[in-house]
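One file, query08.txt, is given below (compact mmCIF, C-alpha atoms).
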```txt
# COMPACT_ATOMS: atom_id res chain seq x y z
CA MET C 9 113.56 114.21 88.66
CA LEU C 10 114.73 111.94 91.48
CA GLU C 11 111.18 110.78 92.18
CA THR C 12 110.71 109.92 88.49
CA ILE C 13 113.90 107.85 88.49
CA LYS C 14 112.78 106.04 91.65
CA TYR C 15 109.43 105.30 90.01
CA LEU C 16 111.00 103.99 86.79
CA ILE C 17 113.37 101.62 88.59
CA GLY C 18 110.85 100.64 91.26
CA TRP C 19 112.94 101.92 94.15
CA PRO C 20 111.27 100.74 97.38
CA GLY C 21 109.96 103.29 99.88
CA PRO C 22 109.70 102.98 103.69
CA SER C 23 107.22 100.11 103.32
CA GLY C 24 109.78 98.04 101.45
CA PHE C 25 107.71 98.19 98.27
CA GLY C 26 107.67 100.46 95.24
CA SER C 27 106.17 101.03 91.80
CA LYS C 28 107.36 97.65 90.47
CA SER C 29 105.98 95.60 93.38
CA THR C 30 103.12 93.26 92.54
CA ALA C 31 99.93 92.35 94.36
CA GLU C 32 101.29 88.84 94.94
CA GLN C 33 104.44 90.22 96.56
CA VAL C 34 102.77 92.69 98.92
CA THR C 35 100.32 90.08 100.26
CA LYS C 36 102.96 87.47 101.12
CA THR C 37 103.29 88.74 104.69
CA SER C 38 99.52 88.90 105.14
CA GLY C 39 99.29 85.13 105.45
CA GLU C 40 96.12 83.25 104.63
CA LEU C 41 92.93 85.26 104.49
CA ARG C 42 90.51 82.36 104.97
CA SER C 43 88.67 84.14 107.77
CA VAL C 44 88.18 87.26 105.65
CA THR C 45 85.18 88.29 103.55
CA ALA C 46 85.79 91.06 101.02
CA ILE C 47 83.54 93.07 98.72
CA ILE C 48 85.35 94.46 95.67
CA THR C 49 83.47 96.80 93.35
CA GLY C 50 84.67 96.95 89.76
CA GLY C 51 86.16 93.51 90.28
CA THR C 52 85.29 92.03 86.89
CA SER C 53 88.13 93.60 84.92
CA GLY C 54 91.44 95.40 85.17
CA ILE C 55 92.85 96.30 88.58
CA GLY C 56 89.74 95.09 90.39
CA ALA C 57 89.89 91.64 88.79
CA GLU C 58 93.57 91.26 89.69
CA THR C 59 92.79 92.37 93.24
CA ALA C 60 90.00 89.79 93.44
CA ARG C 61 92.25 87.06 92.03
CA VAL C 62 95.06 87.68 94.51
CA LEU C 63 92.81 87.98 97.57
CA ALA C 64 90.89 84.84 96.55
CA SER C 65 94.16 82.97 96.04
CA ARG C 66 95.10 83.92 99.61
CA GLY C 67 91.86 82.35 100.83
CA ALA C 68 89.49 85.32 101.17
CA ARG C 69 85.82 84.92 100.35
CA VAL C 70 85.28 87.48 97.59
CA ILE C 71 81.98 89.13 96.72
CA LEU C 72 81.96 90.51 93.17
CA PRO C 73 79.18 93.05 92.59
CA ALA C 74 78.69 93.89 88.91
CA ARG C 75 76.32 95.49 86.43
CA SER C 76 77.00 92.64 84.01
CA MET C 77 76.43 89.25 85.59
CA LYS C 78 77.94 87.65 82.48
CA ASN C 79 81.23 89.48 83.01
CA ALA C 80 81.17 88.65 86.70
CA GLU C 81 80.61 84.94 86.02
CA GLU C 82 83.46 84.94 83.49
CA THR C 83 85.79 86.56 86.02
CA LYS C 84 84.71 84.04 88.64
CA ASP C 85 85.39 81.16 86.25
CA ARG C 86 88.90 82.44 85.49
CA ILE C 87 89.75 82.75 89.17
CA VAL C 88 88.30 79.36 90.09
CA THR C 89 90.15 77.71 87.20
CA GLU C 90 93.40 79.01 88.66
CA CYS C 91 92.37 78.56 92.32
CA PRO C 92 89.81 75.70 92.56
CA GLU C 93 89.24 76.34 96.26
CA ALA C 94 88.42 80.04 95.75
CA GLU C 95 85.04 81.19 97.04
CA ILE C 96 83.64 83.82 94.67
CA ILE C 97 80.07 85.08 94.88
CA VAL C 98 78.70 87.29 92.12
CA MET C 99 75.89 89.72 92.78
CA LYS C 100 74.06 92.38 90.79
CA LEU C 101 74.98 96.03 91.43
CA ASP C 102 74.77 99.25 89.43
CA LEU C 103 76.65 101.88 91.42
CA SER C 104 75.06 104.74 89.48
CA SER C 105 71.68 103.82 91.00
CA LEU C 106 71.07 104.42 94.71
CA ASN C 107 68.17 101.97 94.57
CA SER C 108 70.45 99.28 93.12
CA VAL C 109 73.00 99.92 95.89
CA SER C 110 70.30 99.51 98.56
CA ASN C 111 69.03 96.31 96.94
CA PHE C 112 72.55 94.90 96.76
CA VAL C 113 73.16 95.56 100.45
CA ASP C 114 69.84 93.92 101.36
CA ARG C 115 70.81 90.81 99.37
CA PHE C 116 74.27 90.74 100.92
CA HIS C 117 72.87 90.99 104.44
CA SER C 118 70.43 88.16 103.68
CA LEU C 119 73.43 85.85 103.14
CA GLY C 120 74.50 86.34 106.75
CA PHE C 121 78.16 86.87 105.92
CA PRO C 122 80.55 88.95 108.01
CA LEU C 123 82.42 91.76 106.24
CA HIS C 124 86.07 92.55 106.87
CA LEU C 125 87.12 94.35 103.69
CA LEU C 126 85.28 96.82 101.49
CA ILE C 127 87.28 97.83 98.44
CA ASN C 128 85.59 100.68 96.55
CA ASN C 129 87.45 100.19 93.30
CA ALA C 130 84.94 100.74 90.48
CA GLY C 131 85.54 103.76 88.29
CA LYS C 132 84.00 105.33 85.22
CA PHE C 133 85.35 107.83 82.70
CA ALA C 134 82.90 108.82 79.99
CA GLU C 135 83.32 111.53 77.38
CA GLU C 136 79.59 112.06 77.00
CA ARG C 137 77.57 113.71 79.74
CA ALA C 138 74.82 111.58 81.25
CA ILE C 139 72.55 111.98 84.26
CA SER C 140 71.84 109.13 86.67
CA GLU C 141 68.31 108.06 87.56
CA ASP C 142 68.83 110.00 90.80
CA GLY C 143 69.45 113.27 88.93
CA VAL C 144 73.22 113.47 89.38
CA GLU C 145 75.99 113.62 86.78
CA MET C 146 76.89 110.01 85.97
CA THR C 147 80.64 110.04 86.69
CA PHE C 148 80.06 111.46 90.16
CA ALA C 149 77.14 109.09 90.75
CA THR C 150 79.18 106.00 89.84
CA ASN C 151 82.62 106.84 91.19
CA TYR C 152 81.60 108.52 94.42
CA LEU C 153 77.92 108.69 95.40
CA GLY C 154 77.20 104.98 94.90
CA HIS C 155 80.27 104.10 96.96
CA PHE C 156 79.28 106.62 99.63
CA LEU C 157 75.90 104.93 100.09
CA LEU C 158 77.38 101.43 99.82
CA THR C 159 79.86 102.22 102.59
CA LYS C 160 77.21 103.86 104.75
CA LEU C 161 74.86 100.86 104.50
CA LEU C 162 77.60 98.30 105.18
CA MET C 163 79.22 100.19 108.05
CA LYS C 164 77.23 98.56 110.86
CA THR C 165 78.09 95.09 109.58
CA MET C 166 81.78 95.97 109.33
CA ILE C 167 81.89 97.35 112.87
CA GLU C 168 80.05 94.30 114.25
CA THR C 169 82.33 91.94 112.32
CA ALA C 170 85.42 93.62 113.76
CA GLU C 171 84.01 93.38 117.28
CA LYS C 172 83.12 89.70 116.99
CA SER C 173 86.17 88.50 115.04
CA GLY C 174 88.84 90.74 116.53
CA ILE C 175 90.03 91.41 112.98
CA GLN C 176 90.30 95.10 112.18
CA GLY C 177 88.01 96.05 109.32
CA ARG C 178 89.42 98.01 106.39
CA ILE C 179 87.74 100.23 103.82
CA VAL C 180 89.82 101.03 100.75
CA ASN C 181 88.86 103.85 98.39
CA VAL C 182 90.61 103.72 95.03
CA THR C 183 91.06 107.29 93.83
CA SER C 184 93.62 108.84 91.49
CA ALA C 185 96.47 111.32 91.58
CA VAL C 186 94.43 113.46 89.19
CA HIS C 187 92.25 114.44 92.15
CA LYS C 188 94.86 117.18 92.61
CA TRP C 189 93.79 118.73 89.30
CA PHE C 190 90.42 119.83 90.69
CA THR C 191 90.73 122.97 92.80
CA ASP C 192 87.28 124.55 92.53
CA ASP C 193 84.13 124.11 94.60
CA ILE C 194 82.91 120.52 94.15
CA ILE C 195 79.22 121.09 94.79
CA SER C 196 79.05 124.20 92.61
CA TYR C 197 80.57 122.42 89.63
CA LEU C 198 78.51 119.28 90.21
CA ALA C 199 75.33 121.36 90.22
CA LEU C 200 76.46 123.08 87.04
CA ILE C 201 77.16 119.91 85.04
CA SER C 202 74.14 118.10 86.44
CA HIS C 203 71.86 120.79 85.05
CA ASN C 204 73.72 122.29 82.13
CA LYS C 205 75.25 120.17 79.37
CA SER C 206 77.29 123.01 77.88
CA HIS C 207 79.52 123.24 80.98
CA PHE C 208 80.39 119.54 81.04
CA ASP C 209 84.04 118.56 80.68
CA ALA C 210 84.77 114.83 80.94
CA THR C 211 88.22 115.16 82.48
CA ARG C 212 87.08 117.75 85.00
CA ALA C 213 84.09 115.62 85.97
CA TYR C 214 86.39 112.65 86.54
CA THR C 215 88.88 114.62 88.64
CA LEU C 216 85.98 115.97 90.71
CA SER C 217 84.78 112.44 91.45
CA LYS C 218 88.29 111.33 92.44
CA LEU C 219 88.65 114.31 94.79
CA ALA C 220 85.30 113.31 96.30
CA ASN C 221 86.77 109.85 97.03
CA VAL C 222 89.63 111.48 98.94
CA LEU C 223 87.29 113.77 100.89
CA HIS C 224 85.10 110.77 101.71
CA THR C 225 88.16 109.06 103.18
CA THR C 226 89.08 112.15 105.20
CA GLU C 227 85.65 112.54 106.78
CA LEU C 228 84.95 108.84 107.28
CA ALA C 229 88.26 108.36 109.11
CA CYS C 230 87.23 111.10 111.57
CA ARG C 231 83.80 109.57 112.12
CA LEU C 232 85.18 106.07 112.66
CA LYS C 233 87.62 107.44 115.22
CA GLN C 234 84.84 109.26 117.04
CA MET C 235 82.84 106.02 117.13
CA ASP C 236 85.88 104.15 118.47
CA ALA C 237 85.23 101.59 115.74
CA ASN C 238 87.86 98.96 114.96
CA VAL C 239 87.62 99.84 111.28
CA THR C 240 89.99 101.97 109.21
CA VAL C 241 89.65 103.73 105.88
CA ASN C 242 92.38 104.79 103.47
CA CYS C 243 92.58 105.82 99.85
CA LEU C 244 95.13 105.29 97.11
CA HIS C 245 96.33 106.04 93.62
CA PRO C 246 96.95 102.70 91.87
CA GLY C 247 99.15 104.09 89.11
CA VAL C 248 98.52 104.40 85.40
CA VAL C 249 97.59 101.25 83.54
CA ARG C 250 95.48 100.73 80.46
CA THR C 251 92.29 99.10 81.68
CA ARG C 252 88.64 99.00 80.65
CA LEU C 253 88.33 102.46 82.20
CA THR C 254 89.56 103.80 78.85
CA ARG C 255 87.10 101.76 76.77
CA GLU C 256 85.16 104.86 75.79
CA ARG C 257 88.36 106.60 74.69
CA ASP C 258 89.75 103.98 72.29
CA GLY C 259 91.21 105.16 69.00
CA PHE C 260 94.43 106.18 67.30
CA LEU C 261 95.17 109.14 69.61
CA THR C 262 94.60 107.11 72.79
CA ASP C 263 96.72 104.27 71.41
CA LEU C 264 99.50 106.69 70.51
CA VAL C 265 99.51 108.33 73.93
CA PHE C 266 99.65 104.98 75.69
CA PHE C 267 102.44 103.78 73.39
CA LEU C 268 104.56 106.86 74.09
CA ALA C 269 103.88 106.60 77.80
CA SER C 270 104.45 102.84 77.94
CA LYS C 271 107.55 103.18 80.13
CA LEU C 272 105.42 104.86 82.79
CA LEU C 273 102.55 102.38 82.66
CA LYS C 274 102.16 99.63 85.22
CA THR C 275 101.20 96.04 84.58
CA LEU C 276 97.95 94.91 86.20
CA PRO C 277 99.78 92.98 88.97
CA GLN C 278 101.75 96.16 89.73
CA ALA C 279 98.67 98.40 89.56
CA ALA C 280 96.77 96.17 92.00
CA ALA C 281 99.67 96.13 94.48
CA THR C 282 98.79 99.29 96.38
CA THR C 283 95.15 98.23 96.76
CA CYS C 284 96.20 94.84 98.13
CA TYR C 285 98.84 96.43 100.35
CA VAL C 286 96.39 98.90 101.91
CA ALA C 287 93.75 96.18 102.26
CA THR C 288 95.85 93.49 103.91
CA HIS C 289 99.34 94.44 105.08
CA PRO C 290 99.93 94.17 108.87
CA ARG C 291 102.00 97.37 108.74
CA LEU C 292 98.78 99.36 108.26
CA PHE C 293 97.12 98.25 111.49
CA ASN C 294 95.36 101.30 113.02
CA VAL C 295 96.43 103.51 110.08
CA SER C 296 93.44 105.52 108.87
CA GLY C 297 92.61 108.58 106.80
CA LYS C 298 95.79 108.34 104.72
CA TYR C 299 96.59 108.46 101.00
CA PHE C 300 98.95 105.96 99.36
CA ILE C 301 100.93 105.76 96.13
CA ASP C 302 103.13 102.79 95.16
CA CYS C 303 102.44 101.10 98.52
CA ASN C 304 103.76 104.07 100.50
CA GLU C 305 102.02 106.91 102.31
CA ALA C 306 101.92 110.13 100.29
CA SER C 307 100.28 113.54 100.47
CA SER C 308 96.89 114.18 98.92
CA SER C 309 95.97 117.63 97.66
CA LYS C 310 95.43 120.44 100.14
CA LEU C 311 91.74 120.43 99.27
CA GLY C 312 91.56 116.64 99.69
CA SER C 313 92.72 116.89 103.30
CA ASN C 314 90.47 119.86 104.12
CA SER C 315 88.24 118.66 106.96
CA ILE C 316 85.70 121.45 106.44
CA GLU C 317 85.22 120.57 102.76
CA ALA C 318 85.08 116.88 103.63
CA SER C 319 82.31 117.47 106.17
CA ARG C 320 80.45 119.72 103.73
CA LEU C 321 80.52 117.09 100.97
CA TRP C 322 79.39 114.43 103.45
CA ASP C 323 76.37 116.51 104.50
CA PHE C 324 75.50 117.21 100.86
CA SER C 325 75.72 113.50 100.03
CA GLU C 326 73.48 112.60 102.97
CA HIS C 327 70.98 115.17 101.70
CA ILE C 328 70.89 113.57 98.25
CA ILE C 329 70.34 110.12 99.73
CA SER C 330 67.63 111.16 102.17
CA LYS C 331 65.78 113.85 100.22
CA GLY C 332 66.84 113.51 96.59
CA SER C 333 69.18 115.48 94.37
CA LYS C 334 66.75 118.32 93.65
CA ALA C 335 66.28 119.09 97.34
CA ALA C 336 70.04 118.80 97.90
CA PHE C 337 70.90 121.19 95.08
CA ASP C 338 68.13 123.60 96.14
CA GLN C 339 69.45 123.59 99.71
CA PHE C 340 72.98 124.18 98.45
CA ASN C 341 71.84 127.11 96.29
CA HIS C 342 69.94 128.58 99.25
CA ASN C 343 72.97 128.32 101.55
CA HIS C 344 75.24 129.66 98.82
CA LEU C 345 73.05 132.71 98.32
CA GLU C 346 72.91 133.32 102.08
CA PHE C 347 76.67 133.11 102.26
```
Represent the structure of the file as structure tokens.
Amino acid sequence: MLETIKYLIGWPGPSGFGSKSTAEQVTKTSGELRSVTAIITGGTSGIGAETARVLASRGARVILPARSMKNAEETKDRIVTECPEAEIIVMKLDLSSLNSVSNFVDRFHSLGFPLHLLINNAGKFAEERAISEDGVEMTFATNYLGHFLLTKLLMKTMIETAEKSGIQGRIVNVTSAVHKWFTDDIISYLALISHNKSHFDATRAYTLSKLANVLHTTELACRLKQMDANVTVNCLHPGVVRTRLTRERDGFLTDLVFFLASKLLKTLPQAAATTCYVATHPRLFNVSGKYFIDCNEASSSKLGSNSIEASRLWDFSEHIISKGSKAAFDQFNHNHLEF
């Protein structure tokens, strides 16, 4: 009850910020970001667009990858209208396609830019089951697997940028508090819904993908530490806000739920605050592998912080990327039977 009251009134936590803090407010102490290059996925609408606007207004060069170049150009125009000096570069990317991710990274590297910030923000919630061109359930492919490969392919550039610039690199994974709802075996359920339509549940598939984001953070933080890289990774729950993520769930029932829950919903500037805080605030120097809510460190689920499960998901993801989903699922089934 006390936590709910604190949330409703925006009571600040140890960081000095709370649920009512905005992205503008939390970046005030970050100073100008003119030496910073950031990639923000899902940056053409909602929380991602507000994140891009604020970081660009602080001087960061912002790369906006998008499936729809039209939407990306429109977002760029809105930001530049407000901040004429903003440097926004739009590039084609479909996170559900591993080939598209690889092509995007090749194009980015050809520009010769450094990379200080990678904000894995894009998210998809679809009621209907679909399978990606790589043979994986679409929600998982978009929310997690595409970001996993994107991060993997950009890692060398981020480490080199940190070494040359002396600016600590930061990777930010936007997850959700609903990751705590998934308590089963990730790979087993992913295999089930990737091959059998009757077992698909949209909410469960989404919570699985958000748990995968947390596990990715857990394992990547360990690997970065082992490499002694001057790059950190953290994840966060942005809060509940009506964004384009719900576009496939529009209707009277959705409208009613959001109306009744309106007192709990955040504005876009509030929802983007935690992302901007984790991405830029000096207080988070050398902080890695953590989970944040309302600009303050919080506890992820027990499963989300399980290093064994995090390593297992990482190995499975590597298998998909290197040998394809069929080989990865076959290997999983073989190991499962042996166990």
Contacts of Val144 (chain C) at 8 Å or less, counting all atoms listed in the file, minus same-chain residues fewer than 6 places along, as a VMD selection string?
chain C and resid 198 202 333
If we draw a sphere of 12 Å around (97.5, 95.8, 105.5), which residues have at least one atom in it when counting all atoms listed in the file? Please report them as a ChimeraX atom specification.
/C:23,31,34-39,41,124-125,175-180,240-242,281-296,300,303-304
Residues of region 33-72 of chain C within 10 Å of region 96-106 of chain C: nearest atom pair and distance (Å, one decimal) for each, counting all atoms listed in the file, sorted by chain and number, as a tab-separated table?
```
residue	atom	partner	partner_atom	distance
C:Ala46	CA	C:Ile96	CA	9.9
C:Ile47	CA	C:Ile97	CA	9.5
C:Thr49	CA	C:Leu103	CA	8.7
C:Gly50	CA	C:Leu103	CA	9.6
C:Gly51	CA	C:Val98	CA	9.9
C:Thr52	CA	C:Val98	CA	9.7
C:Ala60	CA	C:Ile96	CA	8.8
C:Arg61	CA	C:Ile96	CA	9.6
C:Ala64	CA	C:Ile96	CA	7.6
C:Ala68	CA	C:Ile96	CA	8.9
C:Arg69	CA	C:Ile96	CA	6.2
C:Val70	CA	C:Ile96	CA	5.0
C:Ile71	CA	C:Ile97	CA	4.8
C:Leu72	CA	C:Val98	CA	4.7
```
One decimal, Å: what's the distance from CA of Trp322 (chain C) over to CA of Pro122 (chain C), could you say?
25.9 Å
For a test of reading the model, state the distance in Å between CA of Glu58 (chain C) and CA of Glu227 (chain C), rounded to one decimal.
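These atoms are spaced 28.4 Å apart.
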Pick out the closest residue to Glu141 (chain C) from this set: C:Leu119, C:Ser43, C:Gly332, C:Pro22. Count only C-alpha atoms.
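The shortest atom-to-atom distance to Glu141 (chain C) comes from C:Gly332.
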Might you pull out every residue within 10 Å of Ile301 (chain C), with all atoms listed in the file counted and same-chain residues fewer than 6 positions away left off, and present them as number ranges by chain?
C: 26-27, 184-185, 243-247, 281-283, 307-308
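Across the structure, CA of Thr275 (chain C) and CA of Phe25 (chain C) are spaced 15.3 Å apart.
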Residues within 12 Å of Ile329 (chain C), please, as a list in words. Count all atoms listed in the file; anything in the same chain fewer than 3 positions from it doesn't count.
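The residues satisfying every condition are Ser105, Leu106, Asn107, Val109, Ser110, Asp142, Gly143, Val144, Ala149, Leu153, Gly154, His155, Phe156, Leu157, Leu158, Lys160, Leu161, Trp322, Asp323, Phe324, Ser325, Glu326, Gly332, Ser333, Lys334, Ala335 and Ala336 of chain C.
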How big is the axis-aligned box, and where does its centre sit, when it encloses all atoms of region 209-227 of chain C listed in the file and has 3 Å added on every side, reported in Å to one decimal as JSON?
```
{"center_x": 86.8, "center_y": 113.8, "center_z": 93.7, "size_x": 11.6, "size_y": 15.5, "size_z": 32.1}
```
Using all atoms listed in the file, determine which residues lie at most 8 Å from region 211-222 of chain C, disregarding the query and same-chain residues fewer than 3 positions distant; provide the list as a list in words.
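Contacts, in chain order: Lys132, Phe133, Glu135, Thr147, Phe148, Asn151, Tyr152, Asn181, Val182, Thr183, Ser184, Val186, His187, Lys188, Trp189, Phe190, Ile194, Leu198, Phe208, Thr225, Thr226, Cys243, Tyr299, Ser308, Gly312, Ser313 and Leu321 of chain C.
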When you count all atoms listed in the file, which of these residues is closest to Asp338 (chain C): C:Ser118, C:Ser196, C:Ser65, C:Gln278?
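Between C:Ser118, C:Ser196, C:Ser65, C:Gln278, the residue approaching Asp338 (chain C) most closely is C:Ser196.
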With distances taken over only C-alpha atoms, which residue among C:Thr169, C:Asn129, C:Ser319, C:Asn111 lies nearest Ala237 (chain C)?
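That would be C:Thr169, the residue with the smallest distance to Ala237 (chain C).
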Report as number ranges by chain all protein, DNA and RNA residues lying within 8 Å of Leu276 (chain C), evaluated on all atoms listed in the file, omitting residues in the same chain fewer than 2 positions from it.
C: 54-55, 58, 249, 274, 278-280
Output region 24-118 of chain C from the block with C-alpha atoms, as a PDB file, in the first residue's frame?
```pdb
ATOM      1  CA  GLY C  24      16.185  11.853  -6.087  1.00  0.00           C
ATOM      2  CA  PHE C  25      13.670  10.931  -8.782  1.00  0.00           C
ATOM      3  CA  GLY C  26      10.368   9.066  -8.800  1.00  0.00           C
ATOM      4  CA  SER C  27       7.377   8.052 -10.904  1.00  0.00           C
ATOM      5  CA  LYS C  28       6.467  11.660 -11.756  1.00  0.00           C
ATOM      6  CA  SER C  29       9.967  12.672 -12.885  1.00  0.00           C
ATOM      7  CA  THR C  30      10.339  13.464 -16.576  1.00  0.00           C
ATOM      8  CA  ALA C  31      13.057  12.691 -19.093  1.00  0.00           C
ATOM      9  CA  GLU C  32      13.931  16.393 -19.259  1.00  0.00           C
ATOM     10  CA  GLN C  33      14.396  16.544 -15.493  1.00  0.00           C
ATOM     11  CA  VAL C  34      16.585  13.459 -15.117  1.00  0.00           C
ATOM     12  CA  THR C  35      18.977  14.560 -17.884  1.00  0.00           C
ATOM     13  CA  LYS C  36      19.623  18.045 -16.486  1.00  0.00           C
ATOM     14  CA  THR C  37      22.687  16.883 -14.549  1.00  0.00           C
ATOM     15  CA  SER C  38      24.039  14.963 -17.540  1.00  0.00           C
ATOM     16  CA  GLY C  39      25.114  18.172 -19.239  1.00  0.00           C
ATOM     17  CA  GLU C  40      25.495  18.412 -22.989  1.00  0.00           C
ATOM     18  CA  LEU C  41      25.797  15.161 -24.884  1.00  0.00           C
ATOM     19  CA  ARG C  42      27.419  16.579 -28.022  1.00  0.00           C
ATOM     20  CA  SER C  43      30.197  13.998 -27.950  1.00  0.00           C
ATOM     21  CA  VAL C  44      27.720  11.123 -27.691  1.00  0.00           C
ATOM     22  CA  THR C  45      26.289   8.934 -30.463  1.00  0.00           C
ATOM     23  CA  ALA C  46      23.209   6.903 -29.556  1.00  0.00           C
ATOM     24  CA  ILE C  47      21.214   4.201 -31.328  1.00  0.00           C
ATOM     25  CA  ILE C  48      17.598   3.981 -30.156  1.00  0.00           C
ATOM     26  CA  THR C  49      15.425   1.164 -31.480  1.00  0.00           C
ATOM     27  CA  GLY C  50      11.691   1.786 -31.523  1.00  0.00           C
ATOM     28  CA  GLY C  51      12.465   5.486 -31.563  1.00  0.00           C
ATOM     29  CA  THR C  52       9.757   6.568 -33.996  1.00  0.00           C
ATOM     30  CA  SER C  53       6.869   6.613 -31.537  1.00  0.00           C
ATOM     31  CA  GLY C  54       5.912   6.540 -27.878  1.00  0.00           C
ATOM     32  CA  ILE C  55       8.615   6.213 -25.235  1.00  0.00           C
ATOM     33  CA  GLY C  56      11.354   5.749 -27.814  1.00  0.00           C
ATOM     34  CA  ALA C  57      10.455   8.952 -29.663  1.00  0.00           C
ATOM     35  CA  GLU C  58      10.450  10.948 -26.421  1.00  0.00           C
ATOM     36  CA  THR C  59      13.806   9.414 -25.494  1.00  0.00           C
ATOM     37  CA  ALA C  60      15.195  10.390 -28.900  1.00  0.00           C
ATOM     38  CA  ARG C  61      13.805  13.923 -28.600  1.00  0.00           C
ATOM     39  CA  VAL C  62      15.326  14.546 -25.179  1.00  0.00           C
ATOM     40  CA  LEU C  63      18.740  13.071 -25.993  1.00  0.00           C
ATOM     41  CA  ALA C  64      18.863  15.009 -29.279  1.00  0.00           C
ATOM     42  CA  SER C  65      17.904  18.210 -27.471  1.00  0.00           C
ATOM     43  CA  ARG C  66      20.871  17.619 -25.146  1.00  0.00           C
ATOM     44  CA  GLY C  67      23.153  17.430 -28.178  1.00  0.00           C
ATOM     45  CA  ALA C  68      23.507  13.690 -28.818  1.00  0.00           C
ATOM     46  CA  ARG C  69      23.740  12.378 -32.361  1.00  0.00           C
ATOM     47  CA  VAL C  70      20.774  10.016 -32.590  1.00  0.00           C
ATOM     48  CA  ILE C  71      20.468   7.071 -34.963  1.00  0.00           C
ATOM     49  CA  LEU C  72      16.846   6.035 -35.496  1.00  0.00           C
ATOM     50  CA  PRO C  73      16.511   2.524 -36.957  1.00  0.00           C
ATOM     51  CA  ALA C  74      12.989   1.755 -38.170  1.00  0.00           C
ATOM     52  CA  ARG C  75      10.938  -0.621 -40.272  1.00  0.00           C
ATOM     53  CA  SER C  76       9.013   2.335 -41.675  1.00  0.00           C
ATOM     54  CA  MET C  77      11.303   4.982 -43.106  1.00  0.00           C
ATOM     55  CA  LYS C  78       8.276   7.272 -43.481  1.00  0.00           C
ATOM     56  CA  ASN C  79       7.590   7.152 -39.742  1.00  0.00           C
ATOM     57  CA  ALA C  80      11.270   7.658 -38.997  1.00  0.00           C
ATOM     58  CA  GLU C  81      11.481  10.717 -41.263  1.00  0.00           C
ATOM     59  CA  GLU C  82       8.353  12.170 -39.639  1.00  0.00           C
ATOM     60  CA  THR C  83       9.853  11.683 -36.177  1.00  0.00           C
ATOM     61  CA  LYS C  84      13.093  13.273 -37.349  1.00  0.00           C
ATOM     62  CA  ASP C  85      11.201  16.268 -38.749  1.00  0.00           C
ATOM     63  CA  ARG C  86       9.339  16.802 -35.461  1.00  0.00           C
ATOM     64  CA  ILE C  87      12.558  16.730 -33.453  1.00  0.00           C
ATOM     65  CA  VAL C  88      14.449  19.001 -35.850  1.00  0.00           C
ATOM     66  CA  THR C  89      11.548  21.475 -35.883  1.00  0.00           C
ATOM     67  CA  GLU C  90      11.864  21.756 -32.114  1.00  0.00           C
ATOM     68  CA  CYS C  91      15.679  21.479 -32.035  1.00  0.00           C
ATOM     69  CA  PRO C  92      17.101  22.797 -35.352  1.00  0.00           C
ATOM     70  CA  GLU C  93      20.637  21.772 -34.396  1.00  0.00           C
ATOM     71  CA  ALA C  94      19.650  18.151 -33.680  1.00  0.00           C
ATOM     72  CA  GLU C  95      21.513  15.489 -35.651  1.00  0.00           C
ATOM     73  CA  ILE C  96      19.121  12.644 -36.452  1.00  0.00           C
ATOM     74  CA  ILE C  97      19.987   9.865 -38.880  1.00  0.00           C
ATOM     75  CA  VAL C  98      17.291   7.422 -39.964  1.00  0.00           C
ATOM     76  CA  MET C  99      18.174   3.928 -41.110  1.00  0.00           C
ATOM     77  CA  LYS C 100      16.235   0.840 -42.147  1.00  0.00           C
ATOM     78  CA  LEU C 101      15.912  -1.994 -39.614  1.00  0.00           C
ATOM     79  CA  ASP C 102      13.461  -4.835 -39.046  1.00  0.00           C
ATOM     80  CA  LEU C 103      14.365  -6.392 -35.699  1.00  0.00           C
ATOM     81  CA  SER C 104      12.384  -9.553 -36.438  1.00  0.00           C
ATOM     82  CA  SER C 105      14.860 -10.393 -39.226  1.00  0.00           C
ATOM     83  CA  LEU C 106      18.412 -11.404 -38.322  1.00  0.00           C
ATOM     84  CA  ASN C 107      19.484 -10.572 -41.871  1.00  0.00           C
ATOM     85  CA  SER C 108      18.044  -7.060 -41.536  1.00  0.00           C
ATOM     86  CA  VAL C 109      19.901  -6.593 -38.237  1.00  0.00           C
ATOM     87  CA  SER C 110      23.197  -7.629 -39.858  1.00  0.00           C
ATOM     88  CA  ASN C 111      22.594  -5.298 -42.812  1.00  0.00           C
ATOM     89  CA  PHE C 112      21.803  -2.409 -40.486  1.00  0.00           C
ATOM     90  CA  VAL C 113      25.022  -2.908 -38.529  1.00  0.00           C
ATOM     91  CA  ASP C 114      27.040  -3.046 -41.759  1.00  0.00           C
ATOM     92  CA  ARG C 115      25.499   0.253 -42.883  1.00  0.00           C
ATOM     93  CA  PHE C 116      26.103   1.839 -39.491  1.00  0.00           C
ATOM     94  CA  HIS C 117      29.750   0.783 -39.479  1.00  0.00           C
ATOM     95  CA  SER C 118      30.188   2.194 -42.993  1.00  0.00           C
TER      96      SER C 118
END
```
